[in-house]
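As stored in data-v7.txt (compact mmCIF, C-alpha atoms and all ligand atoms):
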# COMPACT_ATOMS: atom_id res chain seq x y z
CA MET X 1120 0.00 0.00 0.00
CA VAL X 1121 1.34 3.47 -0.88
CA GLU X 1122 1.53 5.76 2.16
CA THR X 1123 -0.11 9.16 1.71
CA PRO X 1124 2.32 12.03 2.38
CA ILE X 1125 1.88 14.22 5.43
CA ARG X 1126 0.21 17.55 4.64
CA LEU X 1127 1.75 20.58 6.36
CA LEU X 1128 0.62 24.20 6.16
CA ILE X 1129 3.47 26.72 6.51
CA ALA X 1130 2.40 30.17 7.72
CA ALA X 1131 5.35 32.47 6.97
CA SER X 1132 4.77 35.95 5.65
CA GLY X 1133 6.18 39.43 5.27
CA THR X 1134 9.91 40.05 5.05
CA GLY X 1135 12.93 37.86 4.17
CA GLY X 1136 13.50 37.27 7.88
CA HIS X 1137 10.18 35.41 8.12
CA VAL X 1138 9.99 33.75 4.71
CA PHE X 1139 13.57 32.49 4.01
CA PRO X 1140 13.89 30.30 7.15
CA ALA X 1141 10.58 28.61 6.32
CA ILE X 1142 11.74 27.94 2.73
CA ALA X 1143 14.98 26.46 4.13
CA LEU X 1144 12.97 24.21 6.43
CA ALA X 1145 10.64 23.08 3.63
CA GLU X 1146 13.67 21.92 1.63
CA HIS X 1147 14.24 19.36 4.42
CA LEU X 1148 10.68 18.06 4.34
CA ARG X 1149 10.67 16.91 0.71
CA ASP X 1150 8.45 13.91 1.48
CA TYR X 1151 5.73 16.21 2.89
CA GLN X 1152 2.97 17.86 0.86
CA ILE X 1153 3.44 21.50 1.75
CA GLU X 1154 1.12 24.44 1.16
CA TRP X 1155 1.76 28.02 2.24
CA LEU X 1156 -0.31 30.59 4.09
CA GLY X 1157 0.52 34.24 3.45
CA VAL X 1158 -1.01 37.60 2.56
CA PRO X 1159 -1.65 38.92 -0.97
CA ASN X 1160 0.99 41.70 -1.11
CA ARG X 1161 4.22 40.63 0.65
CA LEU X 1162 7.47 38.86 -0.24
CA GLU X 1163 5.94 35.36 -0.16
CA THR X 1164 3.99 36.15 -3.35
CA GLN X 1165 7.36 36.43 -5.19
CA LEU X 1166 9.18 33.53 -3.54
CA VAL X 1167 6.64 30.85 -2.75
CA PRO X 1168 4.38 30.09 -5.76
CA LYS X 1169 7.34 28.74 -7.81
CA GLN X 1170 7.41 25.76 -5.44
CA TYR X 1171 4.35 25.66 -3.19
CA ARG X 1172 0.68 26.50 -3.44
CA LEU X 1173 0.17 29.87 -1.74
CA ASN X 1174 -3.14 30.50 0.07
CA THR X 1175 -3.66 34.12 1.08
CA ILE X 1176 -5.76 35.80 3.78
CA GLY X 1177 -6.18 39.45 4.85
CA VAL X 1178 -4.62 39.99 8.28
CA GLU X 1179 -2.83 42.88 9.98
CA GLY X 1180 -1.29 43.80 13.34
CA PHE X 1181 -2.87 45.71 16.22
CA GLN X 1182 -1.67 49.28 16.78
CA GLN X 1183 -0.91 50.70 20.24
CA GLY X 1184 -4.05 51.38 22.31
CA PHE X 1185 -7.57 50.25 21.60
CA GLY X 1186 -9.89 52.16 19.26
CA ILE X 1187 -12.06 51.81 16.18
CA SER X 1188 -9.11 50.55 14.12
CA SER X 1189 -8.45 47.80 16.71
CA LEU X 1190 -12.07 46.68 16.38
CA ARG X 1191 -11.62 46.51 12.61
CA VAL X 1192 -8.41 44.47 13.01
CA LEU X 1193 -10.14 42.18 15.52
CA GLY X 1194 -12.99 41.64 13.05
CA LYS X 1195 -10.47 40.76 10.34
CA LEU X 1196 -8.65 38.40 12.71
CA ILE X 1197 -11.84 36.50 13.52
CA GLY X 1198 -12.66 36.30 9.81
CA SER X 1199 -9.19 34.99 8.99
CA ILE X 1200 -9.30 32.38 11.80
CA LEU X 1201 -12.49 31.03 10.24
CA GLU X 1202 -10.87 31.05 6.78
CA VAL X 1203 -7.80 29.15 8.02
CA ARG X 1204 -9.96 26.61 9.88
CA LYS X 1205 -11.81 25.94 6.61
CA LEU X 1206 -8.53 25.63 4.69
CA LEU X 1207 -7.06 23.24 7.28
CA ARG X 1208 -10.17 21.05 7.29
CA GLN X 1209 -10.78 20.98 3.54
CA GLY X 1210 -7.07 20.45 2.80
CA ASN X 1211 -6.76 17.63 5.36
CA PHE X 1212 -3.66 19.22 6.88
CA GLN X 1213 -2.01 17.34 9.73
CA GLY X 1214 -0.06 20.23 11.21
CA VAL X 1215 1.05 23.86 10.95
CA PHE X 1216 4.51 25.39 11.04
CA THR X 1217 4.90 29.14 11.48
CA THR X 1218 7.71 31.69 11.84
CA GLY X 1219 5.56 34.06 13.92
CA GLY X 1220 4.39 37.57 13.01
CA TYR X 1221 0.82 38.61 12.14
CA ILE X 1222 0.09 35.53 10.06
CA ALA X 1223 0.82 33.29 13.07
CA GLY X 1224 -2.20 34.61 15.01
CA PRO X 1225 -4.95 33.10 12.85
CA ALA X 1226 -2.76 30.11 11.90
CA VAL X 1227 -2.07 29.04 15.51
CA ILE X 1228 -5.59 29.74 16.80
CA ALA X 1229 -7.27 27.94 13.88
CA ALA X 1230 -5.00 24.89 14.08
CA ARG X 1231 -5.14 24.50 17.85
CA SER X 1232 -8.93 24.96 17.90
CA LEU X 1233 -9.09 21.97 15.53
CA GLY X 1234 -6.68 19.99 17.72
CA LEU X 1235 -3.87 20.09 15.12
CA PRO X 1236 -0.21 20.33 16.20
CA VAL X 1237 1.62 23.64 15.69
CA ILE X 1238 5.38 24.23 15.64
CA LEU X 1239 6.38 27.87 15.99
CA HIS X 1240 9.88 29.14 15.20
CA GLU X 1241 10.89 32.45 16.77
CA ALA X 1242 14.02 33.91 15.18
CA ASN X 1243 14.52 36.93 17.46
CA ALA X 1244 16.37 37.22 20.76
CA LEU X 1245 13.36 39.12 22.14
CA PRO X 1246 10.38 37.05 20.98
CA GLY X 1247 7.57 38.89 19.23
CA LYS X 1248 4.21 39.52 20.93
CA VAL X 1249 2.47 36.75 18.99
CA THR X 1250 5.07 34.24 20.20
CA ARG X 1251 4.86 35.41 23.80
CA PHE X 1252 1.09 35.31 23.73
CA LEU X 1253 0.43 32.15 21.71
CA GLY X 1254 3.67 30.22 22.41
CA PRO X 1255 2.21 28.39 25.43
CA TRP X 1256 -0.59 27.13 23.20
CA CYS X 1257 1.75 25.67 20.54
CA SER X 1258 2.90 22.05 20.51
CA ALA X 1259 6.55 23.13 20.24
CA VAL X 1260 8.42 26.45 20.14
CA ALA X 1261 11.88 26.54 18.55
CA VAL X 1262 14.13 29.56 19.10
CA GLY X 1263 16.80 31.09 16.90
CA PHE X 1264 18.86 32.49 19.80
CA GLU X 1265 19.18 30.69 23.14
CA VAL X 1266 18.52 33.89 25.10
CA ALA X 1267 14.95 34.03 23.70
CA SER X 1268 13.94 31.27 26.14
CA GLU X 1269 14.42 33.69 29.04
CA HIS X 1270 11.54 35.77 27.68
CA LEU X 1271 9.24 32.76 27.34
CA PRO X 1272 8.93 31.50 30.93
CA ARG X 1273 5.71 29.58 30.33
CA VAL X 1274 7.02 27.79 27.24
CA LYS X 1275 9.32 24.81 26.89
CA THR X 1276 11.57 25.97 24.06
CA ILE X 1277 14.02 24.09 21.87
CA TYR X 1278 17.12 25.86 20.55
CA THR X 1279 17.58 25.15 16.85
CA SER X 1280 19.04 28.48 15.66
CA THR X 1281 17.45 29.80 12.44
CA PRO X 1282 17.65 27.91 9.13
CA VAL X 1283 19.50 29.62 6.29
CA ARG X 1284 18.98 29.03 2.57
CA SER X 1285 20.91 25.99 1.29
CA GLN X 1286 23.40 28.07 -0.75
CA PHE X 1287 24.82 29.44 2.52
CA LEU X 1288 26.05 25.96 3.37
CA SER X 1289 27.84 25.23 0.09
CA GLU X 1290 31.64 25.24 0.39
CA GLU X 1291 32.05 26.48 -3.21
CA ILE X 1292 29.55 29.31 -3.01
CA GLU X 1293 32.15 32.11 -2.98
CA ALA X 1294 33.18 31.20 -6.53
CA SER X 1295 29.68 32.12 -7.71
CA LEU X 1296 30.08 35.80 -6.75
CA ASP X 1297 29.30 37.61 -10.00
CA LEU X 1298 30.55 41.08 -9.03
CA PRO X 1299 33.68 42.59 -10.63
CA ILE X 1300 35.80 42.74 -7.45
CA PRO X 1301 39.57 42.04 -7.55
CA LYS X 1302 40.78 39.00 -5.64
CA ASP X 1303 42.83 40.41 -2.76
CA VAL X 1304 41.10 43.66 -1.81
CA PRO X 1305 39.15 44.12 1.45
CA VAL X 1306 35.41 44.15 0.79
CA ILE X 1307 32.81 45.94 2.88
CA VAL X 1308 29.19 44.95 2.30
CA VAL X 1309 26.47 47.38 3.35
CA PHE X 1310 22.86 46.28 3.55
CA GLY X 1311 19.78 47.01 5.59
CA GLY X 1312 17.68 43.87 5.89
CA SER X 1313 15.42 42.86 3.05
CA GLN X 1314 14.01 46.42 2.75
CA GLY X 1315 17.21 48.49 2.68
CA ALA X 1316 18.05 51.23 5.21
CA VAL X 1317 18.11 54.80 3.92
CA ALA X 1318 19.72 56.21 7.12
CA ILE X 1319 22.65 53.76 6.91
CA ASN X 1320 22.96 54.41 3.17
CA LYS X 1321 23.41 58.13 3.79
CA LEU X 1322 26.11 57.62 6.44
CA VAL X 1323 27.97 55.16 4.25
CA ARG X 1324 27.98 57.41 1.17
CA GLN X 1325 29.45 60.22 3.29
CA SER X 1326 32.07 57.95 4.87
CA ALA X 1327 33.18 55.74 1.99
CA ASN X 1328 35.90 57.91 0.39
CA ALA X 1329 38.23 57.31 3.35
CA TRP X 1330 37.68 53.55 2.97
CA PHE X 1331 38.39 53.68 -0.77
CA ASP X 1332 41.65 55.51 0.02
CA ALA X 1333 42.53 52.62 2.36
CA GLY X 1334 42.09 50.21 -0.59
CA ALA X 1335 38.68 48.80 0.33
CA TRP X 1336 35.82 48.07 -2.04
CA VAL X 1337 32.24 48.71 -1.00
CA VAL X 1338 29.25 46.68 -2.17
CA HIS X 1339 26.22 48.73 -1.21
CA LEU X 1340 22.78 47.08 -1.31
CA THR X 1341 20.59 50.14 -1.02
CA GLY X 1342 17.05 48.70 -1.13
CA ASP X 1343 14.71 50.15 -3.74
CA ASN X 1344 13.35 53.17 -1.84
CA ASP X 1345 16.46 55.34 -1.59
CA PRO X 1346 16.15 58.39 -3.91
CA GLU X 1347 19.90 59.09 -3.58
CA ALA X 1348 20.99 55.54 -4.35
CA GLU X 1349 22.82 56.45 -7.57
CA THR X 1350 24.62 59.54 -6.30
CA LEU X 1351 28.00 58.07 -5.30
CA LYS X 1352 30.34 57.06 -8.15
CA HIS X 1353 33.74 55.47 -7.59
CA PRO X 1354 35.67 52.64 -9.29
CA GLN X 1355 35.75 50.74 -5.96
CA TYR X 1356 32.02 51.13 -5.34
CA ILE X 1357 29.21 48.86 -6.48
CA SER X 1358 25.67 49.91 -5.71
CA LEU X 1359 22.66 47.63 -6.27
CA PRO X 1360 19.09 47.84 -4.93
CA PHE X 1361 19.09 44.12 -3.99
CA TYR X 1362 21.46 41.20 -4.50
CA ASP X 1363 20.34 37.58 -4.64
CA ASN X 1364 23.61 35.80 -3.97
CA MET X 1365 24.07 36.98 -0.37
CA ALA X 1366 25.73 33.69 0.54
CA ALA X 1367 28.69 34.35 -1.78
CA LEU X 1368 28.88 38.02 -0.86
CA LEU X 1369 28.84 37.50 2.93
CA ARG X 1370 31.55 34.83 2.59
CA ARG X 1371 33.70 37.17 0.51
CA ALA X 1372 33.14 40.26 2.66
CA ASN X 1373 35.73 41.24 5.27
CA LEU X 1374 33.17 43.39 7.07
CA ALA X 1375 29.42 44.04 6.98
CA ILE X 1376 27.70 47.26 7.98
CA THR X 1377 24.07 46.38 8.54
CA ARG X 1378 20.89 46.23 10.63
CA SER X 1379 20.45 43.37 13.08
CA GLY X 1380 17.48 41.41 11.77
CA ALA X 1381 17.64 37.79 12.88
CA GLY X 1382 17.96 36.50 9.31
CA SER X 1383 20.98 38.62 8.42
CA LEU X 1384 22.70 37.84 11.72
CA THR X 1385 22.25 34.11 11.36
CA GLU X 1386 23.62 34.25 7.82
CA MET X 1387 26.62 36.29 8.98
CA ALA X 1388 27.33 33.71 11.69
CA VAL X 1389 27.26 30.87 9.15
CA CYS X 1390 29.51 32.85 6.76
CA GLY X 1391 31.77 34.20 9.52
CA THR X 1392 31.20 37.84 8.54
CA PRO X 1393 32.41 40.41 11.11
CA ALA X 1394 29.92 43.23 11.48
CA ILE X 1395 29.15 46.74 12.54
CA LEU X 1396 25.52 46.55 13.62
CA ILE X 1397 23.11 49.47 13.62
CA PRO X 1398 19.75 48.16 14.88
CA TYR X 1399 16.63 49.52 13.18
CA PRO X 1400 15.46 52.10 15.76
CA PHE X 1401 11.75 51.61 15.06
CA ALA X 1402 11.69 47.80 15.22
CA ALA X 1403 8.99 46.45 17.54
CA GLU X 1404 10.12 46.73 21.19
CA ASP X 1405 13.66 47.47 19.93
CA HIS X 1406 14.11 43.73 19.31
CA GLN X 1407 17.02 44.30 16.88
CA THR X 1408 19.16 45.61 19.74
CA TYR X 1409 18.55 42.34 21.63
CA ASN X 1410 19.59 40.42 18.49
CA ALA X 1411 22.73 42.52 18.07
CA LYS X 1412 23.78 41.89 21.67
CA VAL X 1413 24.00 38.16 20.98
CA PHE X 1414 26.80 39.02 18.53
CA THR X 1415 28.54 41.74 20.53
CA SER X 1416 28.55 39.53 23.65
CA VAL X 1417 30.79 36.99 21.89
CA GLY X 1418 32.94 39.60 20.13
CA ALA X 1419 31.60 39.00 16.61
CA ALA X 1420 30.37 42.56 16.05
CA SER X 1421 30.27 46.08 17.38
CA LEU X 1422 26.98 47.82 18.02
CA PHE X 1423 26.00 51.45 17.39
CA LYS X 1424 22.72 53.19 18.08
CA GLN X 1425 21.65 54.96 14.88
CA SER X 1426 20.95 58.18 16.81
CA GLU X 1427 24.52 58.28 18.13
CA LEU X 1428 26.39 57.22 15.01
CA THR X 1429 28.08 60.04 13.13
CA VAL X 1430 30.03 59.96 9.88
CA GLN X 1431 33.28 60.48 11.84
CA VAL X 1432 32.60 57.58 14.20
CA LEU X 1433 31.61 55.17 11.43
CA GLN X 1434 34.48 56.24 9.20
CA SER X 1435 37.13 55.78 11.89
CA GLN X 1436 35.64 52.55 13.27
CA VAL X 1437 35.85 50.94 9.82
CA LEU X 1438 39.36 52.30 9.16
CA LYS X 1439 40.52 50.91 12.50
CA LEU X 1440 39.23 47.46 11.58
CA LEU X 1441 40.73 47.62 8.07
CA GLN X 1442 44.11 48.45 9.63
CA HIS X 1443 43.84 45.48 12.06
CA PRO X 1444 43.05 42.38 10.03
CA GLU X 1445 43.84 40.20 13.08
CA GLU X 1446 40.89 41.87 14.87
CA LEU X 1447 38.64 41.07 11.89
CA ARG X 1448 39.90 37.49 11.96
CA LYS X 1449 38.99 37.17 15.66
CA MET X 1450 35.51 38.56 14.96
CA ARG X 1451 35.13 36.11 12.06
CA GLU X 1452 36.00 33.16 14.32
CA ALA X 1453 33.64 34.44 17.03
CA ALA X 1454 30.78 34.67 14.52
CA LYS X 1455 31.46 31.17 13.20
CA ALA X 1456 31.55 29.77 16.73
CA ILE X 1457 27.88 30.64 17.29
CA ALA X 1458 26.68 29.35 13.90
CA VAL X 1459 24.45 26.28 13.74
CA PRO X 1460 24.81 25.15 10.13
CA ASP X 1461 22.43 22.19 10.55
CA SER X 1462 19.61 24.35 11.93
CA ALA X 1463 17.18 23.34 9.14
CA GLU X 1464 17.77 19.63 9.85
CA LYS X 1465 17.22 20.20 13.58
CA LEU X 1466 13.99 22.08 12.94
CA ALA X 1467 12.78 19.50 10.40
CA LYS X 1468 13.42 16.74 12.95
CA LEU X 1469 11.33 18.65 15.50
CA VAL X 1470 8.50 19.12 12.98
CA ARG X 1471 8.52 15.41 12.18
CA GLU X 1472 8.50 14.43 15.87
CA VAL X 1473 5.54 16.69 16.60
CA VAL X 1474 3.44 16.11 13.47
CA GLU X 1475 4.01 12.36 13.17
CA MET X 1476 3.58 11.67 16.90
C1 LIG R 1 12.44 45.94 10.26
C2 LIG R 1 12.15 44.67 10.96
O1 LIG R 1 11.39 44.64 11.93
N1 LIG R 1 12.77 43.59 10.45
C3 LIG R 1 12.55 42.26 11.00
C4 LIG R 1 12.38 41.26 9.87
O2 LIG R 1 13.60 41.25 9.20
P1 LIG R 1 14.05 41.51 7.69
O3 LIG R 1 13.51 40.53 6.77
O4 LIG R 1 13.85 42.96 7.36
O5 LIG R 1 15.61 41.29 7.91
P2 LIG R 1 16.47 40.00 8.18
O6 LIG R 1 17.77 40.53 8.56
O7 LIG R 1 15.85 39.03 9.12
O8 LIG R 1 16.52 39.30 6.74
C5 LIG R 1 16.94 39.98 5.62
C6 LIG R 1 17.11 38.95 4.55
O9 LIG R 1 17.17 39.61 3.30
C7 LIG R 1 18.30 39.11 2.58
N2 LIG R 1 18.78 40.11 1.62
C8 LIG R 1 18.96 41.41 2.00
C9 LIG R 1 19.43 42.34 1.09
C10 LIG R 1 19.73 41.91 -0.25
O10 LIG R 1 20.13 42.67 -1.12
N3 LIG R 1 19.57 40.60 -0.55
C11 LIG R 1 19.07 39.68 0.35
O11 LIG R 1 18.91 38.49 0.03
C12 LIG R 1 19.32 38.78 3.65
O12 LIG R 1 20.28 37.89 3.16
C13 LIG R 1 18.40 38.18 4.73
O13 LIG R 1 18.13 36.82 4.47
O14 LIG R 1 12.17 39.95 10.44
C14 LIG R 1 13.26 39.46 11.24
C15 LIG R 1 12.89 38.05 11.73
O15 LIG R 1 11.76 38.09 12.54
C16 LIG R 1 13.53 40.43 12.40
O16 LIG R 1 14.65 40.00 13.14
C17 LIG R 1 13.77 41.82 11.84
O17 LIG R 1 14.02 42.73 12.89
Would you give me this structure, written as structure tokens?
Amino acid sequence: MVETPIRLLIAASGTGGHVFPAIALAEHLRDYQIEWLGVPNRLETQLVPKQYRLNTIGVEGFQQGFGISSLRVLGKLIGSILEVRKLLRQGNFQGVFTTGGYIAGPAVIAARSLGLPVILHEANALPGKVTRFLGPWCSAVAVGFEVASEHLPRVKTIYTSTPVRSQFLSEEIEASLDLPIPKDVPVIVVFGGSQGAVAINKLVRQSANAWFDAGAWVVHLTGDNDPEAETLKHPQYISLPFYDNMAALLRRANLAITRSGAGSLTEMAVCGTPAILIPYPFAAEDHQTYNAKVFTSVGAASLFKQSELTVQVLQSQVLKLLQHPEELRKMREAAKAIAVPDSAEKLAKLVREVVEM
């Protein structure tokens, strides 16, 4: 008799930090029939339908305080819970995996109200509200940073780190870097999460000439909402709105200047990329600062508040590191020491244990 494959609904929506780890996990559950739950206008609509059926619902987060708009969001939430319950029942799903965020609300509530198992993965050092609130109701909660467990006292967590896309684990990936950079020059990569970071872009454009003079090349991933993105021209400067082959670039880079989203940090650990971290100041509950501290506490990065970082400070901090390659080497080793390259396997094992129990 042919066994029917297990049907799993993955609820992962929004930015790269939520969608990429779920794609990496799905690659380790090839024998499962996977469908996706997302919203109609976010990154999952570009990344998911090539491989998995994408079901979309309308859902959004609550704002501070309680008013008319909260009532509207609550109404939408109830509607989307009913929609997900219908999808789970009609699709005969046996479990749900989610990476948290708004989509996790209806996904967890619908699944648990039907008695289905739910595995939630929380990538951030300070878990999001949905994880803190619904974590105790999930069958298993995996965390990307060990310190996250301290913020989830009512939940038995499992530390798996955060899965990275498979190209990050390939030994030969650096050879696939298709940017015209000479072999032996120091490379600084600047990026701001999957959306770009206009404030960092500005600082970098004002600081970069001193780094060029020191022989460094700068690869600047500006995001696509920076009106000044094309204003700096230099033979040692490459500016792109977005770059797909981050695995090769982070391996090649001697230093990254970036935000501290959980996805980027995990990738930099796996690649051993030393970093200057500038947490996004408006991130929910300042969670990026908590993420960054995981790296600074082991000596893999230095941390600067955006409000306190001037051109002079950034310029001299980078020059100091360029002049002390042994310091960069120590940071590289420190980053690698906290990497968990088999995170996707660990998470897939957990999913199997819970769903097939
Ligand atoms: C503003 C905000 O609240 N961001 C959150 C969002 O992260 P967000 O998705 O913005 O940022 P992450 O650092 O987690 O991930 C960025 C991803 O985009 C990729 N990339 C980026 C630029 C580029 O040119 N090419 C490319 O592929 C990176 O390699 C990485 O995989 O979810 C994360 C996980 O919950 C949180 O930790 C972040 O704090």
List the spatial neighbours of stretch 1433-1444 of chain X as number ranges by chain - criterion: any atom at most 8 Å away, all atoms listed in the file, same-chain residues fewer than 2 positions off excluded. X: 1305, 1322, 1326-1327, 1329-1330, 1333, 1428-1431, 1446-1448
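The point (20.2, 28.9, 6.7) has these residues within 7 Å of it, counting all atoms listed in the file: Pro1140, Ala1143, Thr1281, Pro1282, Val1283, Arg1284, Ser1285, Phe1287, Glu1386, Pro1460, Ser1462 and Ala1463 of chain X.
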What separation in Å, quoted to one decimal, exists between atom CA of X:Thr1218 and atom CA of X:Ile1176? 16.2 Å
All residues 8 Å or closer to X:Ala1372, only C-alpha atoms, same chain fewer than 3 positions away omitted, as a list in words: Pro1305, Val1306, Ile1307, Val1308, Leu1368, Leu1369, Ala1375 and Thr1392 of chain X
Near-X:Met1450 list (6 Å; all atoms listed in the file; drop same-chain fewer than 4 positions) as an MDAnalysis selection string: chainID X and resid 1393 1418:1419
Export stretch 1328-1339 of chain X, N, CA and C atoms, as a short mmCIF file (atom, residue, chain, number, x, y, z; two decimals), in the first residue's frame; it's the structure right above.
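In the end it all went to selection.cif:
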data_model
loop_
_atom_site.label_atom_id
_atom_site.label_comp_id
_atom_site.auth_asym_id
_atom_site.auth_seq_id
_atom_site.Cartn_x
_atom_site.Cartn_y
_atom_site.Cartn_z
N ASN X 1328 34.66 57.50 1.07
CA ASN X 1328 35.90 57.91 0.39
C ASN X 1328 37.15 57.53 1.18
N ALA X 1329 37.07 57.66 2.52
CA ALA X 1329 38.23 57.31 3.35
C ALA X 1329 38.52 55.81 3.24
N TRP X 1330 37.48 55.00 3.08
CA TRP X 1330 37.68 53.55 2.97
C TRP X 1330 38.27 53.19 1.61
N PHE X 1331 37.82 53.92 0.56
CA PHE X 1331 38.39 53.68 -0.77
C PHE X 1331 39.89 53.99 -0.73
N ASP X 1332 40.23 55.12 -0.08
CA ASP X 1332 41.65 55.51 0.02
C ASP X 1332 42.46 54.43 0.72
N ALA X 1333 41.83 53.70 1.64
CA ALA X 1333 42.53 52.62 2.36
C ALA X 1333 42.55 51.32 1.54
N GLY X 1334 42.02 51.37 0.31
CA GLY X 1334 42.09 50.21 -0.59
C GLY X 1334 40.86 49.32 -0.58
N ALA X 1335 39.85 49.67 0.23
CA ALA X 1335 38.68 48.80 0.33
C ALA X 1335 37.70 49.01 -0.83
N TRP X 1336 36.95 47.97 -1.11
CA TRP X 1336 35.82 48.07 -2.04
C TRP X 1336 34.54 48.02 -1.22
N VAL X 1337 33.51 48.71 -1.71
CA VAL X 1337 32.24 48.71 -1.00
C VAL X 1337 31.14 48.18 -1.93
N VAL X 1338 30.44 47.15 -1.45
CA VAL X 1338 29.25 46.68 -2.17
C VAL X 1338 28.06 47.16 -1.35
N HIS X 1339 27.28 48.04 -1.95
CA HIS X 1339 26.22 48.73 -1.21
C HIS X 1339 24.85 48.28 -1.74
#
